[in-house]
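Beneath this line is the structure, given in structure tokens, with notes to follow.
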Amino acid sequence: MRFEQQIVPQVDRLSSAFEHSITWEDDLWRADPVDVEAIHAPARRKFAELLDAVTAERGSAAQARILLFHGQSGAGKTHLIRALRTSAHRAGKAYVGYAQMTPDVANYADYYLRRLVNSLEKPYDPDQGGESGLARLTNHLVGDKGVLDPAALEKLREAKLNEAQLAKMVLALADDIVNAPKLAGQSLDINIVRALLYLQRSDPRI
């Protein structure tokens with residue numbers, strides 16, 4: 001009897017995976033418990049090779065890459081994207097954003113930016129959940145002693161600052177990060193760095 005109580009939740013979890021055959025956007029952020037790696041194996045292998053090549057490059061030597069998957073409706077493209085996100089996030093090698101193509105957009109740059117931020121707000125870990133991609137990104141940025149002084153980071157997080165003081169501190173720290181020798185050659189957008197620094201305050205108003 002005790003054995004049955006232990007396996008029932010797992011059976012329920014697996015059965016729920018078969019409730020529909022279509023992968024929706026809300027499914028993307030969690031690992032598929034019944035994923036079969038043999039499905040779309042060549043595409044998975046090509047993505048892994050490309051990801052390894054991109055992450056092995058450093059600084060300005062890194063080149064932007066495009067990998068196009070095409071197929072008819074229902075061929076499993078979204079399922080594949082879910083699997084690729086899961087593998088990339090498990091390895092800690094990437095941040096995956098998702099945006100559907102749509103003709104009802106006047107400004108695609110704005111649309112993709114909003115969709116990317118929305119994707120980064122989802123839990124980074126596809127298995128356990130937890131911190132969001134944004135939280136992980138900002139923590140990795142400021143957690144390196146070669147990029148930001150730990151004392152300055154503690155002050156940013158804990159000090160009682162009014163809006164003007166906080167803004168002044170963020171501006172100064174962003175300059176320090178962009179000019180850090182360890183990040184020499186990186187094309188950092190200082191406005192994005194400033195936004196990530198603000199997230200360290202854990203202030204619901206931000």
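Following the order of the structure tokens, first chain is A, next is B, and so on, with residues numbered from 1 inside each chain and ligands from 1 in the order they appear.
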(message) Would you pick out the contacts of Gly97 in chain A at 9 Å or less, using only C-alpha atoms, so that residues sharing its chain but fewer than 3 positions from it are not included, and give the list as an MDAnalysis selection string?
(response) chainID A and resid 85 112 115:120
(request) Identify, with DSSP run on backbone atoms, the residues in range 104-142 of chain A assigned to strand (DSSP E or B), and express the list as number ranges by chain. (result) A: 123-125, 129-132
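Residue nearest Asn139 in chain A within the list A:Thr23, A:Ser202, A:Asn162, A:Gln72: A:Ser202 [criterion: smallest interatomic distance, only C-alpha atoms].
Nearest-residue note for Ser187 in chain A: choosing from A:Ser87, A:Gln63, A:Arg45, A:Lys155, the minimum distance belongs to A:Gln63, counting only C-alpha atoms.
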(message) Give me the residues near Ala159 in chain A as a ChimeraX atom specification, where near means some atom within 12 Å (using only C-alpha atoms) and where sequence neighbours in that chain fewer than 5 positions away do not count.
(response) /A:151-154,165-166,169,200-201
Pull N, CA and C atoms from the residues just selected and write them as an mmCIF file, in the first residue's frame.
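Okay, out_0.cif is ready:
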```cif
data_model
loop_
_atom_site.group_PDB
_atom_site.id
_atom_site.type_symbol
_atom_site.label_atom_id
_atom_site.label_comp_id
_atom_site.auth_asym_id
_atom_site.auth_seq_id
_atom_site.Cartn_x
_atom_site.Cartn_y
_atom_site.Cartn_z
ATOM 1 N N ALA A 151 31.669 44.913 -1.948
ATOM 2 C CA ALA A 151 31.184 45.938 -1.023
ATOM 3 C C ALA A 151 30.191 46.867 -1.719
ATOM 4 N N ALA A 152 30.476 47.201 -2.968
ATOM 5 C CA ALA A 152 29.567 48.054 -3.732
ATOM 6 C C ALA A 152 28.255 47.326 -4.006
ATOM 7 N N LEU A 153 28.349 46.029 -4.258
ATOM 8 C CA LEU A 153 27.147 45.235 -4.503
ATOM 9 C C LEU A 153 26.273 45.172 -3.259
ATOM 10 N N GLU A 154 26.896 44.972 -2.104
ATOM 11 C CA GLU A 154 26.129 44.926 -0.858
ATOM 12 C C GLU A 154 25.436 46.260 -0.590
ATOM 13 N N GLN A 165 19.671 59.060 -5.101
ATOM 14 C CA GLN A 165 20.903 58.388 -4.685
ATOM 15 C C GLN A 165 21.068 57.044 -5.393
ATOM 16 N N LEU A 166 19.959 56.322 -5.515
ATOM 17 C CA LEU A 166 20.011 55.029 -6.194
ATOM 18 C C LEU A 166 20.383 55.206 -7.664
ATOM 19 N N MET A 169 24.048 55.956 -8.001
ATOM 20 C CA MET A 169 24.876 54.783 -7.750
ATOM 21 C C MET A 169 24.829 53.805 -8.916
ATOM 22 N N GLN A 200 18.756 44.287 -8.661
ATOM 23 C CA GLN A 200 19.406 43.826 -7.443
ATOM 24 C C GLN A 200 18.758 44.399 -6.182
ATOM 25 N N ARG A 201 17.945 45.414 -6.338
ATOM 26 C CA ARG A 201 17.297 46.015 -5.175
ATOM 27 C C ARG A 201 16.137 45.168 -4.653
#
```
(request) Pick out the residues sitting within 10 Å of range 124-138 of chain A, and hand them over as a ChimeraX atom specification; count only C-alpha atoms, and ignore anything fewer than 3 positions along from it in its own chain. (result) /A:28-33,82-83,85-92,94-97,117-121,141-143,193,195-200,202
Just the selected residues (N, CA and C atoms), exported as a compact mmCIF listing (two decimals), in the first residue's frame, please.
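Wrote it out as again-v1.txt, contents follow:
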```
# COMPACT_ATOMS: atom_id res chain seq x y z
N LEU A 28 6.42 25.64 -22.74
CA LEU A 28 7.82 25.78 -23.12
C LEU A 28 8.77 25.88 -21.94
N TRP A 29 8.28 26.44 -20.84
CA TRP A 29 9.17 26.78 -19.73
C TRP A 29 9.42 25.61 -18.79
N ARG A 30 8.79 24.48 -19.06
CA ARG A 30 8.98 23.28 -18.24
C ARG A 30 9.47 22.14 -19.13
N ALA A 31 10.31 21.29 -18.56
CA ALA A 31 10.80 20.13 -19.31
C ALA A 31 9.64 19.19 -19.61
N ASP A 32 9.68 18.58 -20.77
CA ASP A 32 8.67 17.61 -21.16
C ASP A 32 9.00 16.26 -20.52
N PRO A 33 8.16 15.76 -19.62
CA PRO A 33 8.49 14.50 -18.93
C PRO A 33 8.47 13.28 -19.84
N ARG A 82 10.85 23.59 -27.36
CA ARG A 82 10.77 23.27 -25.92
C ARG A 82 11.94 22.38 -25.51
N ALA A 83 12.21 21.37 -26.32
CA ALA A 83 13.30 20.44 -26.01
C ALA A 83 14.66 21.14 -26.07
N ARG A 85 15.25 24.38 -25.60
CA ARG A 85 15.36 25.26 -24.42
C ARG A 85 15.73 24.45 -23.19
N THR A 86 15.09 23.31 -23.02
CA THR A 86 15.37 22.47 -21.86
C THR A 86 16.84 22.06 -21.83
N SER A 87 17.36 21.60 -22.95
CA SER A 87 18.75 21.15 -22.98
C SER A 87 19.72 22.30 -22.77
N ALA A 88 19.44 23.45 -23.39
CA ALA A 88 20.34 24.61 -23.25
C ALA A 88 20.34 25.14 -21.83
N HIS A 89 19.17 25.17 -21.20
CA HIS A 89 19.08 25.69 -19.83
C HIS A 89 19.64 24.70 -18.82
N ARG A 90 19.46 23.42 -19.06
CA ARG A 90 20.07 22.43 -18.16
C ARG A 90 21.58 22.55 -18.17
N ALA A 91 22.14 22.85 -19.32
CA ALA A 91 23.59 23.01 -19.44
C ALA A 91 24.06 24.38 -18.97
N GLY A 92 23.10 25.31 -18.77
CA GLY A 92 23.46 26.66 -18.34
C GLY A 92 24.21 27.44 -19.38
N ALA A 94 22.72 29.10 -22.17
CA ALA A 94 21.98 30.07 -22.98
C ALA A 94 20.76 30.58 -22.23
N TYR A 95 20.19 31.64 -22.78
CA TYR A 95 18.90 32.17 -22.34
C TYR A 95 18.00 32.15 -23.58
N VAL A 96 16.94 31.40 -23.51
CA VAL A 96 16.08 31.20 -24.68
C VAL A 96 14.86 32.10 -24.59
N GLY A 97 14.63 32.86 -25.66
CA GLY A 97 13.43 33.67 -25.78
C GLY A 97 12.50 33.08 -26.82
N VAL A 117 11.83 39.82 -22.92
CA VAL A 117 11.72 40.10 -21.49
C VAL A 117 10.70 39.16 -20.85
N ASN A 118 9.59 38.93 -21.54
CA ASN A 118 8.59 38.00 -21.03
C ASN A 118 9.18 36.60 -20.85
N SER A 119 9.99 36.17 -21.79
CA SER A 119 10.62 34.85 -21.70
C SER A 119 11.60 34.78 -20.53
N LEU A 120 12.36 35.86 -20.34
CA LEU A 120 13.36 35.88 -19.27
C LEU A 120 12.72 35.95 -17.89
N GLU A 121 11.47 36.35 -17.82
CA GLU A 121 10.78 36.39 -16.53
C GLU A 121 10.31 35.01 -16.09
N LEU A 141 25.99 38.59 -13.54
CA LEU A 141 26.71 39.80 -13.94
C LEU A 141 27.42 40.43 -12.75
N VAL A 142 26.71 40.59 -11.64
CA VAL A 142 27.28 41.31 -10.50
C VAL A 142 28.01 40.40 -9.52
N GLY A 143 27.87 39.09 -9.67
CA GLY A 143 28.47 38.17 -8.72
C GLY A 143 29.95 37.90 -8.95
N VAL A 193 22.71 47.11 -18.76
CA VAL A 193 23.46 46.90 -17.52
C VAL A 193 22.80 47.68 -16.38
N ALA A 195 19.66 48.55 -16.13
CA ALA A 195 18.38 47.90 -15.79
C ALA A 195 18.62 46.66 -14.93
N LEU A 196 19.65 45.88 -15.26
CA LEU A 196 19.96 44.68 -14.47
C LEU A 196 20.42 45.05 -13.06
N LEU A 197 21.12 46.15 -12.93
CA LEU A 197 21.55 46.59 -11.60
C LEU A 197 20.36 46.98 -10.73
N TYR A 198 19.38 47.63 -11.32
CA TYR A 198 18.18 48.00 -10.56
C TYR A 198 17.49 46.76 -9.99
N LEU A 199 17.56 45.65 -10.71
CA LEU A 199 16.90 44.43 -10.25
C LEU A 199 17.53 43.89 -8.97
N GLN A 200 18.76 44.29 -8.66
CA GLN A 200 19.41 43.83 -7.44
C GLN A 200 18.76 44.40 -6.18
N SER A 202 15.64 44.25 -5.46
CA SER A 202 14.48 43.42 -5.06
C SER A 202 13.34 44.30 -4.58
```
(request) Would you kindly return, as number ranges by chain, each protein, DNA or RNA residue with an atom no farther than 10 Å from any atom of Phe69 in chain A, considering only C-alpha atoms and excluding same-chain residues fewer than 4 positions away? (result) A: 43, 77, 80-81
Filtering to N, CA and C atoms, could you give me those residues as an mmCIF file, in the first residue's frame?
```cif
data_model
loop_
_atom_site.group_PDB
_atom_site.id
_atom_site.type_symbol
_atom_site.label_atom_id
_atom_site.label_comp_id
_atom_site.auth_asym_id
_atom_site.auth_seq_id
_atom_site.Cartn_x
_atom_site.Cartn_y
_atom_site.Cartn_z
ATOM 1 N N ALA A 43 18.065 17.726 -35.937
ATOM 2 C CA ALA A 43 17.899 19.136 -35.582
ATOM 3 C C ALA A 43 18.473 19.410 -34.199
ATOM 4 N N LYS A 77 7.385 21.636 -34.399
ATOM 5 C CA LYS A 77 8.397 22.687 -34.274
ATOM 6 C C LYS A 77 8.426 23.265 -32.854
ATOM 7 N N LEU A 80 9.924 20.917 -30.492
ATOM 8 C CA LEU A 80 11.376 20.918 -30.649
ATOM 9 C C LEU A 80 11.995 22.102 -29.920
ATOM 10 N N ILE A 81 11.386 23.287 -30.053
ATOM 11 C CA ILE A 81 11.892 24.469 -29.357
ATOM 12 C C ILE A 81 11.893 24.235 -27.848
#
```
(message) Please extract the residues of range 50-95 of chain A with a backbone DSSP assignment of helix (DSSP H, G or I) and present them as a VMD selection string.
(response) chain A and resid 50 to 56 59 to 61 77 to 91
(request) Do a neighbour search on Glu25 in chain A at 10 Å with only C-alpha atoms, toss out local chain neighbours closer than 4 positions, and write the hits as a VMD selection string. (result) chain A and resid 29 78 to 79 82 98 to 100
(request) Have a look at CA of His140 in chain A and CA of Lys122 in chain A and let me know their distance in Å, one decimal. (result) 16.7 Å
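Coordinates place CA of Leu67 in chain A at a distance of 21.7 Å from CA of Arg114 in chain A.
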Fewer than 5 positions away in the same chain doesn't count, so skip those; otherwise give me all residues within 12 Å of Ile66 in chain A, counting only C-alpha atoms, as a short mmCIF file (atom, residue, chain, number, x, y, z; two decimals) with N, CA and C atoms, in the first residue's frame.
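File written: selection-v1.cif
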```cif
data_model
loop_
_atom_site.label_atom_id
_atom_site.label_comp_id
_atom_site.auth_asym_id
_atom_site.auth_seq_id
_atom_site.Cartn_x
_atom_site.Cartn_y
_atom_site.Cartn_z
N LYS A 46 22.28 19.45 -34.49
CA LYS A 46 22.77 20.65 -35.15
C LYS A 46 22.71 21.84 -34.20
N PHE A 47 21.63 21.94 -33.44
CA PHE A 47 21.51 23.04 -32.47
C PHE A 47 22.60 22.95 -31.41
N LEU A 50 25.90 24.07 -32.84
CA LEU A 50 25.95 25.51 -33.05
C LEU A 50 26.08 26.24 -31.72
N LEU A 51 25.35 25.78 -30.70
CA LEU A 51 25.43 26.40 -29.38
C LEU A 51 26.83 26.26 -28.80
N VAL A 54 29.11 28.77 -30.62
CA VAL A 54 28.88 30.17 -30.24
C VAL A 54 29.42 30.44 -28.84
#
```
